[in-house]
Amino acid sequence: MKYRRIIVWFRNDLRLLDNETLFKASQMGAETIPVYCFDPRHFEKTEIGFPKTGAHRAKFLFEAIRDLRSQFRDRESDLLLLRGKPEEELVTLAERLEADAIFFSREVTSEERTIDRSLEKVAWSKGIATESFWQSTLYHIDDLPFPINQTPEIFTQFRKNIEKLSSVRASYPQPEQFKFPRKLIPISGEVPELETYGLEEPEFVREKVMEFDGGERAGLRRIQSYFWEGDHLKEYKETRNGMIGADYSSKFSPWLALGCLSPRIIYEEVKRYERQRKKNQSTYWLIFELIWRDYFRFICKKHGDRIFHLEGIKNTKDSWRRDSADFERWCEGQTGVPFVDANMRELKLTGFMSNRGRQNVASFLVNDLGIDWTWGASYFESQLIDYDVCSNWGNWMYVGGVGNDPRENRYFNILRQAKNYDKNGEYVRLWIPELAKIQGFDIQHPWDLSTAQMKEAEVQLGKSYPQAMVDFEGVL
């Protein structure tokens, strides 16, 4: 169908490179109007009292929006910024600008799909066409070797099937030019301040693993830095469980979460690295992680709202504690278990936590404290700069024992994990300065120190550092 003027609605696809929605609109030769809408529902408080989008997430998002707008302006176009419910604001804008189509990316979870259906219905009633495009995964949904409702429940089966029977499509190039109707649009809106949504500017934290700047150009710089300048990809599999520093893992997840980078661009760079530098288990393992990300998205597509339910996709009943005081201690990094607390403090102060840390703090909340796993998932949603709805809730279902995992118990022995991944206590020492004078692995279990050792380290359990919420005696 031929369109004269198209609104391109940006969501979690904040990029120019490999953006099918934008590319298809520009290829039609129509006037293209890029739009982002700040939806107030994304900043509302959840039932446990946290904003759905906390300060770290919001800051990264706003930076990404500014970067995208800057890129459009460099190309004599612009990014219009709206505030309100997109299903209402986009149709109103289309009527005002006499646009005959709205293009957007397809999402899979219920809140987004409800908005999509409402938008399509209202637009249709006004004679405005809508077209949606699938572009959030490495493997396209139309290329899966099975219908969505037959997506394998076990990841290994899913991976083997798509690796054998599917292929990754080529990425879309950046459009060469945009026909932007500047005369129609004298005012394009402003990026809000954090205070607009009741959020405070995060303080600078010297200890953070790296500076995460939002936006496509920052994401592409990270690929250049990690793959090519630092040459870290060749050892990714060996270092990915690290906890300190910028380069123990790729750190691409924040840019993937907002679509500042597409998984296909990363895949193509891995393949180029394999041709020009080295091909080994590490280069494959990064692609393996992208397949995990796809898996959670397709599982969400298959199971719908069940991923948010306490019973999960297994429909498993269990008795969970809902102790607000204990949950708050976990959130604040005051459990008295140093390996847990260090990770939770890093999350609160920076909006980021290593994969190894996430598995441990989630296991502690669910298995050691017995607290409702959906509370943990909601807190991560608020805090993580790389929050991805499908990966987050899929992983938390795993830990809660109500997801796809064939194993019944995903319990992590915290002290054994600390011994494996922070044997000398450097990570704990970084984030819990009140324990910094305790030497070596002793920092991981301060409750076992003698009175003399406590005094020498200037630690008073219950005063300078909390008593442990659980008893770990003899677990090593």
# chains A, B, ... in the order shown; residues from 1 in each chain; ligands from 1

$ select_by_dssp --residues "range 231-309 of chain A" --states "alpha helix (DSSP H)" --output "PyMOL selection string"
chain A and resi 236-239+253-257+263-276+281-303

$ residues_around --residues "range 166-183 of chain A" --least-positions-apart "3" --cutoff "9 Å" --atoms "only C-alpha atoms" --output "JSON, numbers by chain"
{"A": [5, 16, 17, 18, 19, 20, 22, 23, 24, 26, 27, 29, 30, 31, 32, 33, 34, 72, 75, 76, 77, 78, 138, 139, 140, 143, 144, 145, 161, 162, 163, 186, 262, 264, 265, 267, 268]}

$ residues_around --residues "Lys85 in chain A" --least-positions-apart "2" --cutoff "10 Å" --atoms "only C-alpha atoms" --output "list in words"
Cys37, Phe38, Asp39, Pro40, Arg41, Leu82, Arg83, Glu87, Glu88, Glu89, Leu90, Ile115 and Leu119 of chain A

$ write_last_selection --atoms "N, CA, C and O atoms" --output "mmCIF file, in the first residue's frame"
data_model
loop_
_atom_site.group_PDB
_atom_site.id
_atom_site.type_symbol
_atom_site.label_atom_id
_atom_site.label_comp_id
_atom_site.auth_asym_id
_atom_site.auth_seq_id
_atom_site.Cartn_x
_atom_site.Cartn_y
_atom_site.Cartn_z
ATOM 1 N N CYS A 37 6.805 8.472 22.663
ATOM 2 C CA CYS A 37 5.790 8.935 23.606
ATOM 3 C C CYS A 37 6.146 8.480 25.015
ATOM 4 O O CYS A 37 6.274 7.279 25.272
ATOM 5 N N PHE A 38 6.305 9.423 25.934
ATOM 6 C CA PHE A 38 6.561 9.110 27.342
ATOM 7 C C PHE A 38 5.235 8.749 28.001
ATOM 8 O O PHE A 38 4.380 9.603 28.197
ATOM 9 N N ASP A 39 5.096 7.463 28.311
ATOM 10 C CA ASP A 39 3.860 6.947 28.871
ATOM 11 C C ASP A 39 3.924 7.043 30.398
ATOM 12 O O ASP A 39 4.772 6.396 31.029
ATOM 13 N N PRO A 40 3.055 7.834 31.028
ATOM 14 C CA PRO A 40 3.127 8.008 32.491
ATOM 15 C C PRO A 40 2.940 6.704 33.257
ATOM 16 O O PRO A 40 3.405 6.574 34.393
ATOM 17 N N ARG A 41 2.308 5.715 32.645
ATOM 18 C CA ARG A 41 2.093 4.430 33.321
ATOM 19 C C ARG A 41 3.415 3.703 33.596
ATOM 20 O O ARG A 41 3.494 2.879 34.496
ATOM 21 N N LEU A 82 6.188 13.127 22.688
ATOM 22 C CA LEU A 82 4.856 13.303 23.243
ATOM 23 C C LEU A 82 4.831 12.787 24.675
ATOM 24 O O LEU A 82 5.687 11.995 25.076
ATOM 25 N N ARG A 83 3.840 13.216 25.428
ATOM 26 C CA ARG A 83 3.621 12.686 26.772
ATOM 27 C C ARG A 83 2.157 12.307 26.895
ATOM 28 O O ARG A 83 1.276 13.078 26.521
ATOM 29 N N GLU A 87 -1.589 5.212 22.773
ATOM 30 C CA GLU A 87 -2.727 4.802 21.962
ATOM 31 C C GLU A 87 -3.685 5.969 21.695
ATOM 32 O O GLU A 87 -4.491 5.909 20.753
ATOM 33 N N GLU A 88 -3.584 7.002 22.520
ATOM 34 C CA GLU A 88 -4.384 8.212 22.306
ATOM 35 C C GLU A 88 -3.575 9.292 21.597
ATOM 36 O O GLU A 88 -4.030 9.895 20.619
ATOM 37 N N GLU A 89 -2.376 9.557 22.104
ATOM 38 C CA GLU A 89 -1.570 10.668 21.595
ATOM 39 C C GLU A 89 -1.149 10.468 20.142
ATOM 40 O O GLU A 89 -1.108 11.420 19.361
ATOM 41 N N LEU A 90 -0.821 9.232 19.765
ATOM 42 C CA LEU A 90 -0.354 8.986 18.396
ATOM 43 C C LEU A 90 -1.465 9.187 17.375
ATOM 44 O O LEU A 90 -1.238 9.747 16.290
ATOM 45 N N ILE A 115 -2.091 -1.997 24.566
ATOM 46 C CA ILE A 115 -1.916 -0.680 23.947
ATOM 47 C C ILE A 115 -1.966 -0.807 22.428
ATOM 48 O O ILE A 115 -2.612 -0.004 21.734
ATOM 49 N N LEU A 119 -4.620 1.049 20.053
ATOM 50 C CA LEU A 119 -4.137 1.961 19.011
ATOM 51 C C LEU A 119 -4.699 1.564 17.643
ATOM 52 O O LEU A 119 -5.204 2.416 16.888
#

$ atom_distance --atom1 "CA of Leu369 in chain A" --atom2 "CA of Gln467 in chain A"
14.5 Å

$ select_by_dssp --residues "range 55-227 of chain A" --states "strand (DSSP E or B)" --output "list in words"
Leu80, Leu81, Leu82, Arg83, Ala101, Ile102, Phe103, Phe104, Ser105, Ala129, Thr130, Glu131, Ser132 and Phe133 of chain A

$ atom_distance --atom1 "CA of Met243 in chain A" --atom2 "CA of Gly357 in chain A"
7.7 Å

$ residues_around --residues "Glu107 in chain A" --least-positions-apart "6" --cutoff "9 Å" --atoms "only C-alpha atoms" --output "short mmCIF file (atom, residue, chain, number, x, y, z; two decimals) with all heavy atoms, in the first residue's frame"
data_model
loop_
_atom_site.label_atom_id
_atom_site.label_comp_id
_atom_site.auth_asym_id
_atom_site.auth_seq_id
_atom_site.Cartn_x
_atom_site.Cartn_y
_atom_site.Cartn_z
N ASN A 12 10.86 0.15 22.17
CA ASN A 12 12.14 -0.43 22.58
C ASN A 12 12.97 -0.76 21.35
O ASN A 12 13.50 -1.86 21.20
CB ASN A 12 11.91 -1.69 23.43
CG ASN A 12 11.31 -1.36 24.77
OD1 ASN A 12 11.72 -0.41 25.43
ND2 ASN A 12 10.32 -2.13 25.19
N ARG A 113 0.73 -5.20 24.43
CA ARG A 113 -0.21 -5.69 23.42
C ARG A 113 -1.59 -5.05 23.58
O ARG A 113 -2.29 -4.81 22.59
CB ARG A 113 -0.33 -7.22 23.53
CG ARG A 113 0.89 -7.97 23.06
CD ARG A 113 1.22 -7.69 21.59
NE ARG A 113 0.15 -8.12 20.70
CZ ARG A 113 -0.29 -7.40 19.69
NH1 ARG A 113 0.24 -6.20 19.42
NH2 ARG A 113 -1.26 -7.84 18.92
N ASP A 116 -1.29 -1.82 21.89
CA ASP A 116 -1.28 -2.03 20.44
C ASP A 116 -2.70 -2.19 19.90
O ASP A 116 -3.08 -1.57 18.89
CB ASP A 116 -0.47 -3.28 20.08
CG ASP A 116 1.01 -3.14 20.40
OD1 ASP A 116 1.43 -2.05 20.78
OD2 ASP A 116 1.72 -4.16 20.27
N TRP A 134 8.16 -7.21 13.53
CA TRP A 134 8.85 -8.00 14.56
C TRP A 134 10.35 -7.76 14.42
O TRP A 134 10.95 -8.08 13.41
CB TRP A 134 8.55 -9.48 14.38
CG TRP A 134 9.18 -10.32 15.43
CD1 TRP A 134 10.45 -10.83 15.43
CD2 TRP A 134 8.59 -10.71 16.68
NE1 TRP A 134 10.68 -11.52 16.60
CE2 TRP A 134 9.57 -11.47 17.38
CE3 TRP A 134 7.35 -10.50 17.27
CZ2 TRP A 134 9.33 -12.02 18.63
CZ3 TRP A 134 7.11 -11.05 18.52
CH2 TRP A 134 8.08 -11.80 19.19
N SER A 136 12.67 -7.66 17.62
CA SER A 136 13.30 -7.64 18.95
C SER A 136 14.22 -8.83 19.18
O SER A 136 14.94 -8.86 20.18
CB SER A 136 12.22 -7.63 20.03
OG SER A 136 11.37 -8.76 19.89
N LYS A 301 5.75 -15.03 24.59
CA LYS A 301 4.73 -14.99 23.52
C LYS A 301 3.80 -16.19 23.63
O LYS A 301 2.59 -16.08 23.46
CB LYS A 301 5.44 -14.98 22.17
CG LYS A 301 4.53 -15.00 20.96
CD LYS A 301 3.93 -13.65 20.68
CE LYS A 301 3.18 -13.66 19.35
NZ LYS A 301 2.25 -12.51 19.24
#

$ closest_residue --among "A:Arg321, A:Asp74, A:Glu211, A:Ala99" --to "Arg4 in chain A" --atoms "only C-alpha atoms"
A:Ala99

$ atom_distance --atom1 "CA of Leu220 in chain A" --atom2 "CA of Glu63 in chain A"
14.6 Å

$ closest_atom_pairs --of "range 228-273 of chain A" --to "range 283-290 of chain A" --cutoff "7 Å" --atoms "only C-alpha atoms" --output "Markdown table"
| residue | atom | partner | partner_atom | distance |
| --- | --- | --- | --- | --- |
| A:Leu233 | CA | A:Thr283 | CA | 6.2 |
| A:Lys234 | CA | A:Thr283 | CA | 6.2 |
| A:Lys237 | CA | A:Trp285 | CA | 6.3 |
| A:Pro263 | CA | A:Leu290 | CA | 6.7 |
| A:Tyr267 | CA | A:Ile287 | CA | 6.5 |
| A:Val270 | CA | A:Thr283 | CA | 6.5 |
